$ cat start19.pdb   # PDB, C-alpha atoms
MODEL        1
ATOM      1  CA  MET G 258     -16.711 -12.928 -55.572  1.00  0.00           C
ATOM      2  CA  LYS G 259     -16.920  -9.157 -55.276  1.00  0.00           C
ATOM      3  CA  LYS G 260     -20.039  -9.477 -53.121  1.00  0.00           C
ATOM      4  CA  LEU G 261     -18.227 -11.945 -50.837  1.00  0.00           C
ATOM      5  CA  MET G 262     -15.283  -9.559 -50.467  1.00  0.00           C
ATOM      6  CA  VAL G 263     -17.628  -6.707 -49.599  1.00  0.00           C
ATOM      7  CA  VAL G 264     -19.371  -8.824 -46.972  1.00  0.00           C
ATOM      8  CA  LEU G 265     -16.042  -9.863 -45.447  1.00  0.00           C
ATOM      9  CA  ALA G 266     -14.891  -6.249 -45.373  1.00  0.00           C
ATOM     10  CA  VAL G 267     -18.057  -5.205 -43.562  1.00  0.00           C
ATOM     11  CA  VAL G 268     -17.696  -8.016 -41.022  1.00  0.00           C
ATOM     12  CA  ALA G 269     -14.042  -7.109 -40.439  1.00  0.00           C
ATOM     13  CA  ALA G 270     -14.981  -3.486 -39.907  1.00  0.00           C
ATOM     14  CA  MET G 271     -17.673  -4.458 -37.397  1.00  0.00           C
ATOM     15  CA  VAL G 272     -15.285  -6.700 -35.439  1.00  0.00           C
ATOM     16  CA  SER G 273     -12.631  -3.991 -35.439  1.00  0.00           C
ATOM     17  CA  SER G 274     -15.188  -1.484 -34.227  1.00  0.00           C
ATOM     18  CA  LEU G 275     -16.308  -3.761 -31.395  1.00  0.00           C
ATOM     19  CA  ILE G 276     -12.724  -4.389 -30.314  1.00  0.00           C
ATOM     20  CA  GLY G 277     -12.050  -0.664 -30.329  1.00  0.00           C
ATOM     21  CA  VAL G 278     -15.093   0.046 -28.194  1.00  0.00           C
ATOM     22  CA  GLY G 279     -14.110  -2.629 -25.687  1.00  0.00           C
ATOM     23  CA  ALA G 280     -10.618  -1.200 -25.312  1.00  0.00           C
ATOM     24  CA  ALA G 281     -11.881   2.328 -24.958  1.00  0.00           C
ATOM     25  CA  ASP G 282     -14.471   1.343 -22.345  1.00  0.00           C
ATOM     26  CA  ALA G 283     -12.096  -0.757 -20.228  1.00  0.00           C
ATOM     27  CA  ALA G 284     -11.180   1.252 -17.131  1.00  0.00           C
ATOM     28  CA  PRO G 285      -7.421   1.527 -16.592  1.00  0.00           C
ATOM     29  CA  ARG G 286      -6.065  -0.112 -13.456  1.00  0.00           C
ATOM     30  CA  VAL G 287      -5.597   1.987 -10.316  1.00  0.00           C
ATOM     31  CA  PRO G 288      -1.943   2.858  -9.588  1.00  0.00           C
ATOM     32  CA  LEU G 289      -1.170   1.830  -6.003  1.00  0.00           C
ATOM     33  CA  GLY G 290       2.013   1.674  -3.971  1.00  0.00           C
ATOM     34  CA  GLY G 291       3.640   2.650  -0.710  1.00  0.00           C
ATOM     35  CA  GLY G 292       2.371   6.175   0.037  1.00  0.00           C
ATOM     36  CA  SER G 293      -0.979   5.874  -1.774  1.00  0.00           C
ATOM     37  CA  GLY G 294      -4.061   7.069   0.104  1.00  0.00           C
ATOM     38  CA  ILE G 295      -6.816   4.543   0.742  1.00  0.00           C
ATOM     39  CA  LEU G 296     -10.315   4.598   2.223  1.00  0.00           C
ATOM     40  CA  VAL G 297     -11.503   1.685   4.342  1.00  0.00           C
ATOM     41  CA  LEU G 298     -15.298   1.468   4.437  1.00  0.00           C
ATOM     42  CA  LYS G 299     -16.389   1.036   8.045  1.00  0.00           C
ATOM     43  CA  GLY G 300     -20.103   0.746   7.394  1.00  0.00           C
ATOM     44  CA  GLY G 301     -22.746   3.048   5.983  1.00  0.00           C
ATOM     45  CA  ASN G 302     -21.061   6.164   4.650  1.00  0.00           C
ATOM     46  CA  THR G 303     -18.186   6.232   7.149  1.00  0.00           C
ATOM     47  CA  ALA G 304     -14.646   5.431   6.076  1.00  0.00           C
ATOM     48  CA  ALA G 305     -11.170   5.581   7.566  1.00  0.00           C
ATOM     49  CA  ALA G 306      -8.488   7.354   5.555  1.00  0.00           C
ATOM     50  CA  CYS G 307      -5.068   5.713   5.752  1.00  0.00           C
ATOM     51  CA  THR G 308      -1.918   5.159   3.702  1.00  0.00           C
ATOM     52  CA  VAL G 309      -0.509   2.048   2.019  1.00  0.00           C
ATOM     53  CA  THR G 310       2.853   0.881   3.349  1.00  0.00           C
ATOM     54  CA  MET G 311       3.720  -1.259   0.351  1.00  0.00           C
ATOM     55  CA  VAL G 312       2.272  -3.429  -2.410  1.00  0.00           C
ATOM     56  CA  GLY G 313       3.870  -6.823  -2.961  1.00  0.00           C
ATOM     57  CA  ARG G 314       3.588 -10.519  -3.665  1.00  0.00           C
ATOM     58  CA  PRO G 315       4.607 -13.394  -1.375  1.00  0.00           C
ATOM     59  CA  THR G 316       6.901 -15.918  -3.063  1.00  0.00           C
ATOM     60  CA  SER G 317       6.106 -18.678  -0.585  1.00  0.00           C
ATOM     61  CA  GLY G 318       3.412 -19.792   1.828  1.00  0.00           C
ATOM     62  CA  ALA G 319      -0.299 -20.444   1.444  1.00  0.00           C
ATOM     63  CA  HIS G 320      -0.847 -17.108  -0.304  1.00  0.00           C
ATOM     64  CA  ARG G 321       2.048 -17.341  -2.739  1.00  0.00           C
ATOM     65  CA  GLY G 322       1.590 -15.124  -5.794  1.00  0.00           C
ATOM     66  CA  GLU G 323      -1.313 -13.076  -4.433  1.00  0.00           C
ATOM     67  CA  LEU G 324      -1.199  -9.302  -4.847  1.00  0.00           C
ATOM     68  CA  ILE G 325      -1.397  -7.718  -1.399  1.00  0.00           C
ATOM     69  CA  ALA G 326      -0.952  -4.374   0.321  1.00  0.00           C
ATOM     70  CA  VAL G 327       0.061  -3.614   3.886  1.00  0.00           C
ATOM     71  CA  THR G 328      -1.186  -0.780   6.096  1.00  0.00           C
ATOM     72  CA  ALA G 329      -1.624  -0.001   9.803  1.00  0.00           C
ATOM     73  CA  GLY G 330      -3.746  -2.446  11.791  1.00  0.00           C
ATOM     74  CA  HIS G 331      -5.989   0.219  13.307  1.00  0.00           C
ATOM     75  CA  CYS G 332      -7.107   1.282   9.814  1.00  0.00           C
ATOM     76  CA  GLY G 333      -9.620  -1.553   9.508  1.00  0.00           C
ATOM     77  CA  LYS G 334     -10.830  -5.044  10.303  1.00  0.00           C
ATOM     78  CA  PRO G 335     -11.085  -8.232   8.233  1.00  0.00           C
ATOM     79  CA  GLY G 336     -13.903  -8.111   5.707  1.00  0.00           C
ATOM     80  CA  GLN G 337     -13.920  -4.333   5.322  1.00  0.00           C
ATOM     81  CA  ARG G 338     -13.692  -3.012   1.778  1.00  0.00           C
ATOM     82  CA  VAL G 339     -10.837  -0.866   0.517  1.00  0.00           C
ATOM     83  CA  PHE G 340     -10.963   1.910  -2.091  1.00  0.00           C
ATOM     84  CA  SER G 341      -8.311   4.130  -3.623  1.00  0.00           C
ATOM     85  CA  GLU G 342      -8.772   7.630  -2.238  1.00  0.00           C
ATOM     86  CA  ARG G 343      -7.651   9.254  -5.475  1.00  0.00           C
ATOM     87  CA  PHE G 344      -9.670   6.956  -7.740  1.00  0.00           C
ATOM     88  CA  GLN G 345     -12.793   6.285  -5.700  1.00  0.00           C
ATOM     89  CA  GLN G 346     -14.924   6.136  -8.856  1.00  0.00           C
ATOM     90  CA  ARG G 347     -13.110   2.940  -9.901  1.00  0.00           C
ATOM     91  CA  GLY G 348     -14.818   1.080  -7.058  1.00  0.00           C
ATOM     92  CA  GLN G 349     -13.496  -1.435  -4.564  1.00  0.00           C
ATOM     93  CA  ILE G 350      -9.889  -2.489  -5.141  1.00  0.00           C
ATOM     94  CA  GLY G 351      -9.362  -4.808  -2.190  1.00  0.00           C
ATOM     95  CA  THR G 352     -10.488  -6.293   1.107  1.00  0.00           C
ATOM     96  CA  ILE G 353      -8.797  -6.383   4.507  1.00  0.00           C
ATOM     97  CA  VAL G 354      -8.105 -10.036   5.306  1.00  0.00           C
ATOM     98  CA  TYR G 355      -6.022  -9.667   8.476  1.00  0.00           C
ATOM     99  CA  SER G 356      -5.553  -7.052  11.188  1.00  0.00           C
ATOM    100  CA  ALA G 357      -3.463  -7.252  14.349  1.00  0.00           C
ATOM    101  CA  SER G 358      -3.543  -4.751  17.196  1.00  0.00           C
ATOM    102  CA  ASP G 359      -0.392  -6.019  18.942  1.00  0.00           C
ATOM    103  CA  VAL G 360       1.902  -4.983  16.077  1.00  0.00           C
ATOM    104  CA  ASP G 361      -0.656  -2.658  14.402  1.00  0.00           C
ATOM    105  CA  VAL G 362      -0.402  -4.269  10.968  1.00  0.00           C
ATOM    106  CA  ALA G 363      -3.143  -5.075   8.450  1.00  0.00           C
ATOM    107  CA  ILE G 364      -3.070  -7.082   5.215  1.00  0.00           C
ATOM    108  CA  ILE G 365      -5.207  -6.135   2.210  1.00  0.00           C
ATOM    109  CA  ARG G 366      -5.942  -8.661  -0.533  1.00  0.00           C
ATOM    110  CA  LEU G 367      -5.958  -6.626  -3.745  1.00  0.00           C
ATOM    111  CA  ASP G 368      -7.914  -7.264  -6.925  1.00  0.00           C
ATOM    112  CA  ALA G 369      -5.069  -7.718  -9.399  1.00  0.00           C
ATOM    113  CA  SER G 370      -7.388  -6.944 -12.304  1.00  0.00           C
ATOM    114  CA  LYS G 371      -8.030  -3.471 -10.884  1.00  0.00           C
ATOM    115  CA  VAL G 372      -4.633  -2.507  -9.438  1.00  0.00           C
ATOM    116  CA  ALA G 373      -1.387  -1.505 -11.150  1.00  0.00           C
ATOM    117  CA  PRO G 374       1.431  -1.742  -8.563  1.00  0.00           C
ATOM    118  CA  THR G 375       3.841   1.168  -8.504  1.00  0.00           C
ATOM    119  CA  ARG G 376       7.068   1.579  -6.550  1.00  0.00           C
ATOM    120  CA  THR G 377       7.097   5.378  -6.610  1.00  0.00           C
ATOM    121  CA  VAL G 378       4.474   7.617  -5.005  1.00  0.00           C
ATOM    122  CA  ASP G 379       4.889  11.371  -4.552  1.00  0.00           C
ATOM    123  CA  GLY G 380       8.666  11.407  -4.467  1.00  0.00           C
ATOM    124  CA  VAL G 381       9.306   8.243  -2.431  1.00  0.00           C
ATOM    125  CA  THR G 382      10.493   5.069  -4.194  1.00  0.00           C
ATOM    126  CA  ILE G 383      10.566   1.593  -2.618  1.00  0.00           C
ATOM    127  CA  ARG G 384      12.847  -0.933  -4.320  1.00  0.00           C
ATOM    128  CA  SER G 385      13.571  -3.322  -1.455  1.00  0.00           C
ATOM    129  CA  ILE G 386      12.717  -4.166   2.154  1.00  0.00           C
ATOM    130  CA  ASP G 387      15.410  -3.696   4.807  1.00  0.00           C
ATOM    131  CA  THR G 388      14.898  -5.562   8.094  1.00  0.00           C
ATOM    132  CA  ARG G 389      17.919  -4.071   9.862  1.00  0.00           C
ATOM    133  CA  PRO G 390      17.117  -1.718  12.768  1.00  0.00           C
ATOM    134  CA  VAL G 391      17.691   1.992  12.216  1.00  0.00           C
ATOM    135  CA  ALA G 392      19.668   4.068  14.679  1.00  0.00           C
ATOM    136  CA  PHE G 393      20.415   7.683  15.596  1.00  0.00           C
ATOM    137  CA  PRO G 394      21.115   9.884  13.628  1.00  0.00           C
ATOM    138  CA  THR G 395      19.744   8.134  10.512  1.00  0.00           C
ATOM    139  CA  VAL G 396      17.333  10.332   8.552  1.00  0.00           C
ATOM    140  CA  LEU G 397      14.017   8.658   7.783  1.00  0.00           C
ATOM    141  CA  CYS G 398      11.465   9.786   5.194  1.00  0.00           C
ATOM    142  CA  LYS G 399       7.859   8.866   4.547  1.00  0.00           C
ATOM    143  CA  THR G 400       5.028   9.664   2.136  1.00  0.00           C
ATOM    144  CA  GLY G 401       1.566   9.958   3.650  1.00  0.00           C
ATOM    145  CA  ARG G 402      -1.854  10.802   2.193  1.00  0.00           C
ATOM    146  CA  THR G 403      -2.175  13.723   4.657  1.00  0.00           C
ATOM    147  CA  THR G 404       1.231  15.373   4.945  1.00  0.00           C
ATOM    148  CA  GLY G 405       2.989  14.062   1.837  1.00  0.00           C
ATOM    149  CA  LYS G 406       6.744  13.554   1.992  1.00  0.00           C
ATOM    150  CA  THR G 407       8.447  14.508   5.255  1.00  0.00           C
ATOM    151  CA  CYS G 408      11.776  13.508   6.779  1.00  0.00           C
ATOM    152  CA  GLY G 409      13.316  13.539  10.230  1.00  0.00           C
ATOM    153  CA  VAL G 410      16.092  12.136  12.373  1.00  0.00           C
ATOM    154  CA  THR G 411      15.805   8.732  14.053  1.00  0.00           C
ATOM    155  CA  TRP G 412      15.909   8.945  17.842  1.00  0.00           C
ATOM    156  CA  PHE G 413      16.210   5.220  18.466  1.00  0.00           C
ATOM    157  CA  SER G 414      14.910   1.770  17.531  1.00  0.00           C
ATOM    158  CA  ASP G 415      14.370  -1.315  19.655  1.00  0.00           C
ATOM    159  CA  GLY G 416      14.319  -3.629  16.647  1.00  0.00           C
ATOM    160  CA  GLN G 417      10.536  -3.991  16.767  1.00  0.00           C
ATOM    161  CA  SER G 418       9.644  -0.321  16.287  1.00  0.00           C
ATOM    162  CA  HIS G 419      11.315   3.022  15.643  1.00  0.00           C
ATOM    163  CA  PHE G 420      10.964   6.569  16.993  1.00  0.00           C
ATOM    164  CA  SER G 421      11.741   9.610  14.846  1.00  0.00           C
ATOM    165  CA  GLN G 422      11.041  13.306  14.395  1.00  0.00           C
ATOM    166  CA  MET G 423       9.079  13.041  11.140  1.00  0.00           C
ATOM    167  CA  CYS G 424       5.910  15.106  10.757  1.00  0.00           C
ATOM    168  CA  VAL G 425       2.800  12.904  10.725  1.00  0.00           C
ATOM    169  CA  ILE G 426      -0.916  13.600  11.178  1.00  0.00           C
ATOM    170  CA  GLU G 427      -4.081  11.479  11.168  1.00  0.00           C
ATOM    171  CA  GLY G 428      -4.384   9.689   7.838  1.00  0.00           C
ATOM    172  CA  ASP G 429      -0.636   9.135   7.602  1.00  0.00           C
ATOM    173  CA  SER G 430      -1.052   5.826   9.441  1.00  0.00           C
ATOM    174  CA  GLY G 431       0.542   3.063   7.389  1.00  0.00           C
ATOM    175  CA  SER G 432       2.870   5.416   5.519  1.00  0.00           C
ATOM    176  CA  PRO G 433       6.064   3.734   4.293  1.00  0.00           C
ATOM    177  CA  VAL G 434       9.173   4.744   6.224  1.00  0.00           C
ATOM    178  CA  VAL G 435      12.269   4.606   4.058  1.00  0.00           C
ATOM    179  CA  VAL G 436      15.996   5.172   4.074  1.00  0.00           C
ATOM    180  CA  GLY G 437      16.819   6.011   0.484  1.00  0.00           C
ATOM    181  CA  ASN G 438      14.765   3.480  -1.501  1.00  0.00           C
ATOM    182  CA  ARG G 439      14.730   0.825   1.232  1.00  0.00           C
ATOM    183  CA  LEU G 440      11.558   0.223   3.260  1.00  0.00           C
ATOM    184  CA  VAL G 441      12.447   0.058   6.970  1.00  0.00           C
ATOM    185  CA  GLY G 442       8.997   0.314   8.535  1.00  0.00           C
ATOM    186  CA  MET G 443       5.612   2.017   8.666  1.00  0.00           C
ATOM    187  CA  VAL G 444       4.052   4.982  10.480  1.00  0.00           C
ATOM    188  CA  ASN G 445       1.632   4.032  13.259  1.00  0.00           C
ATOM    189  CA  ALA G 446       1.282   6.985  15.658  1.00  0.00           C
ATOM    190  CA  TYR G 447       2.702  10.193  17.087  1.00  0.00           C
ATOM    191  CA  TYR G 448       3.065  11.501  20.637  1.00  0.00           C
ATOM    192  CA  PHE G 449       1.760  14.753  22.126  1.00  0.00           C
ATOM    193  CA  LEU G 450       1.164  17.070  19.132  1.00  0.00           C
ATOM    194  CA  SER G 451       0.974  16.201  15.429  1.00  0.00           C
ATOM    195  CA  CYS G 452       4.096  17.230  13.500  1.00  0.00           C
ATOM    196  CA  VAL G 453       5.699  18.278  16.809  1.00  0.00           C
ATOM    197  CA  GLY G 454       5.775  15.181  18.974  1.00  0.00           C
ATOM    198  CA  PRO G 455       7.888  12.162  17.980  1.00  0.00           C
ATOM    199  CA  GLU G 456       6.552   9.670  15.436  1.00  0.00           C
ATOM    200  CA  THR G 457       6.653   5.956  16.043  1.00  0.00           C
ATOM    201  CA  GLY G 458       6.032   2.939  13.875  1.00  0.00           C
ATOM    202  CA  THR G 459       6.507  -0.770  13.295  1.00  0.00           C
ATOM    203  CA  SER G 460       9.773  -2.018  11.785  1.00  0.00           C
ATOM    204  CA  SER G 461       9.984  -3.971   8.532  1.00  0.00           C
ATOM    205  CA  LYS G 462      11.281  -7.026  10.372  1.00  0.00           C
ATOM    206  CA  THR G 463       8.206  -7.103  12.614  1.00  0.00           C
ATOM    207  CA  ILE G 464       5.905  -6.645   9.616  1.00  0.00           C
ATOM    208  CA  LEU G 465       7.494  -9.449   7.580  1.00  0.00           C
ATOM    209  CA  THR G 466       7.554 -11.816  10.552  1.00  0.00           C
ATOM    210  CA  ARG G 467       3.820 -11.360  11.032  1.00  0.00           C
ATOM    211  CA  LEU G 468       3.115 -11.746   7.300  1.00  0.00           C
ATOM    212  CA  THR G 469       5.042 -15.020   7.256  1.00  0.00           C
ATOM    213  CA  ARG G 470       3.007 -16.351  10.183  1.00  0.00           C
ATOM    214  CA  GLN G 471      -0.150 -15.641   8.184  1.00  0.00           C
ATOM    215  CA  GLY G 472       1.045 -17.549   5.124  1.00  0.00           C
ATOM    216  CA  TYR G 473       2.559 -14.608   3.232  1.00  0.00           C
ATOM    217  CA  GLY G 474       6.187 -15.677   3.136  1.00  0.00           C
ATOM    218  CA  ASN G 475       9.136 -13.802   1.626  1.00  0.00           C
ATOM    219  CA  VAL G 476       7.107 -10.848   0.310  1.00  0.00           C
ATOM    220  CA  LYS G 477       8.736  -8.927  -2.532  1.00  0.00           C
ATOM    221  CA  VAL G 478       7.877  -5.376  -3.573  1.00  0.00           C
ATOM    222  CA  ALA G 479       5.617  -5.547  -6.645  1.00  0.00           C
TER
ENDMDL
END
$ encode --input "start19.pdb" --output "structure tokens"
Amino acid sequence: MKKLMVVLAVVAAMVSSLIGVGAADAAPRVPLGGGSGILVLKGGNTAAACTVTMVGRPTSGAHRGELIAVTAGHCGKPGQRVFSERFQQRGQIGTIVYSASDVDVAIIRLDASKVAPTRTVDGVTIRSIDTRPVAFPTVLCKTGRTTGKTCGVTWFSDGQSHFSQMCVIEGDSGSPVVVGNRLVGMVNAYYFLSCVGPETGTSSKTILTRLTRQGYGNVKVA
């Protein structure tokens, strides 16, 4: 009986040890949200640096329940691999599955086993998506992988896009544009000189309309 108890104790210790090793070796998921920097592999050793607009899940459509991210369309093409800029060593976290030049929006299918969605990145929090157009003199803010958090006054909006005085530079493409904690659009470009010329970007309404057409209906912030 004593021998049996000793054997069982040894087996239990071995199982416990194996479980402990597995937990210790498992890489934690990559935190990702609106404002996170990403690298899109273009081929070879070249990559485009951009910013995530938001991470969410559609509640309807063909892709219901999938974990996705949105960024600017010019950041990559379908099939190109996506990595977290801050956690490159964790490997590929997603793949671009859709990119449109007319509204400059791209959809990234994320690997849910590798990504931990977060609503707050570097001082900007996204709790909801607001499809109403912004107007002068509303102050907009964004978080980008290049210039961080910057804010500026809205000049005007045509309902499809907005124009503001926020500072943006290359790499800020895709940055979430917010009013408070409401996502109202993304950064796509600037005019004339970086951080001097006006910034422009696609509105949330335009983004969601395009997502719905692609089978990603009623996307909620993850």
$ atom_distance --input "start19.pdb" --atom1 "CA of Ile353 in chain G" --atom2 "CA of Pro285 in chain G"
22.6 Å
$ residues_around --input "start19.pdb" --residues "Gly336 in chain G" --least-positions-apart "5" --cutoff "10 Å" --atoms "all atoms listed in the file" --output "ChimeraX atom specification"
/G:298-299,351-355,365
$ closest_residue --input "start19.pdb" --among "G:Val435, G:Met423, G:Cys398, G:Val372" --to "Pro455 in chain G" --atoms "all atoms listed in the file"
G:Met423
$ closest_residue --input "start19.pdb" --among "G:Val327, G:Met311, G:Ile426, G:Cys332" --to "Tyr448 in chain G" --atoms "all atoms listed in the file"
G:Ile426
$ resolve_selection --input "start19.pdb" --expression "the PyMOL selection byres ((chain G and resi 306) around 7)" --output "ChimeraX atom specification"
/G:295-297,304-305,307,428
$ closest_residue --input "start19.pdb" --among "G:Arg338, G:Arg376, G:His331, G:Arg467" --to "Ala446 in chain G" --atoms "only C-alpha atoms"
G:His331
$ closest_residue --input "start19.pdb" --among "G:Leu397, G:Val425, G:Val410, G:Val434" --to "Ser460 in chain G" --atoms "all atoms listed in the file"
G:Val434
$ atom_distance --input "start19.pdb" --atom1 "CA of Val391 in chain G" --atom2 "CA of Ile464 in chain G"
14.8 Å
$ resolve_selection --input "start19.pdb" --expression "the PyMOL selection byres ((chain G and resi 381-384) around 7)" --output "list in words"
Arg376, Thr377, Val378, Asp379, Gly380, Ser385, Thr400, Asn438, Arg439, Leu440 and Val478 of chain G
$ closest_residue --input "start19.pdb" --among "G:Val362, G:Ile325, G:Met443, G:Ala392" --to "Val476 in chain G" --atoms "all atoms listed in the file"
G:Ile325
$ residues_near_point --input "start19.pdb" --point "(14.9, 5.4, 19.5)" --cutoff "12 Å" --atoms "only C-alpha atoms" --output "list in words"
Pro390, Val391, Ala392, Phe393, Pro394, Thr395, Val410, Thr411, Trp412, Phe413, Ser414, Asp415, Gly416, Gln417, Ser418, His419, Phe420, Ser421, Gln422, Pro455, Glu456, Thr457, Gly458 and Ser460 of chain G
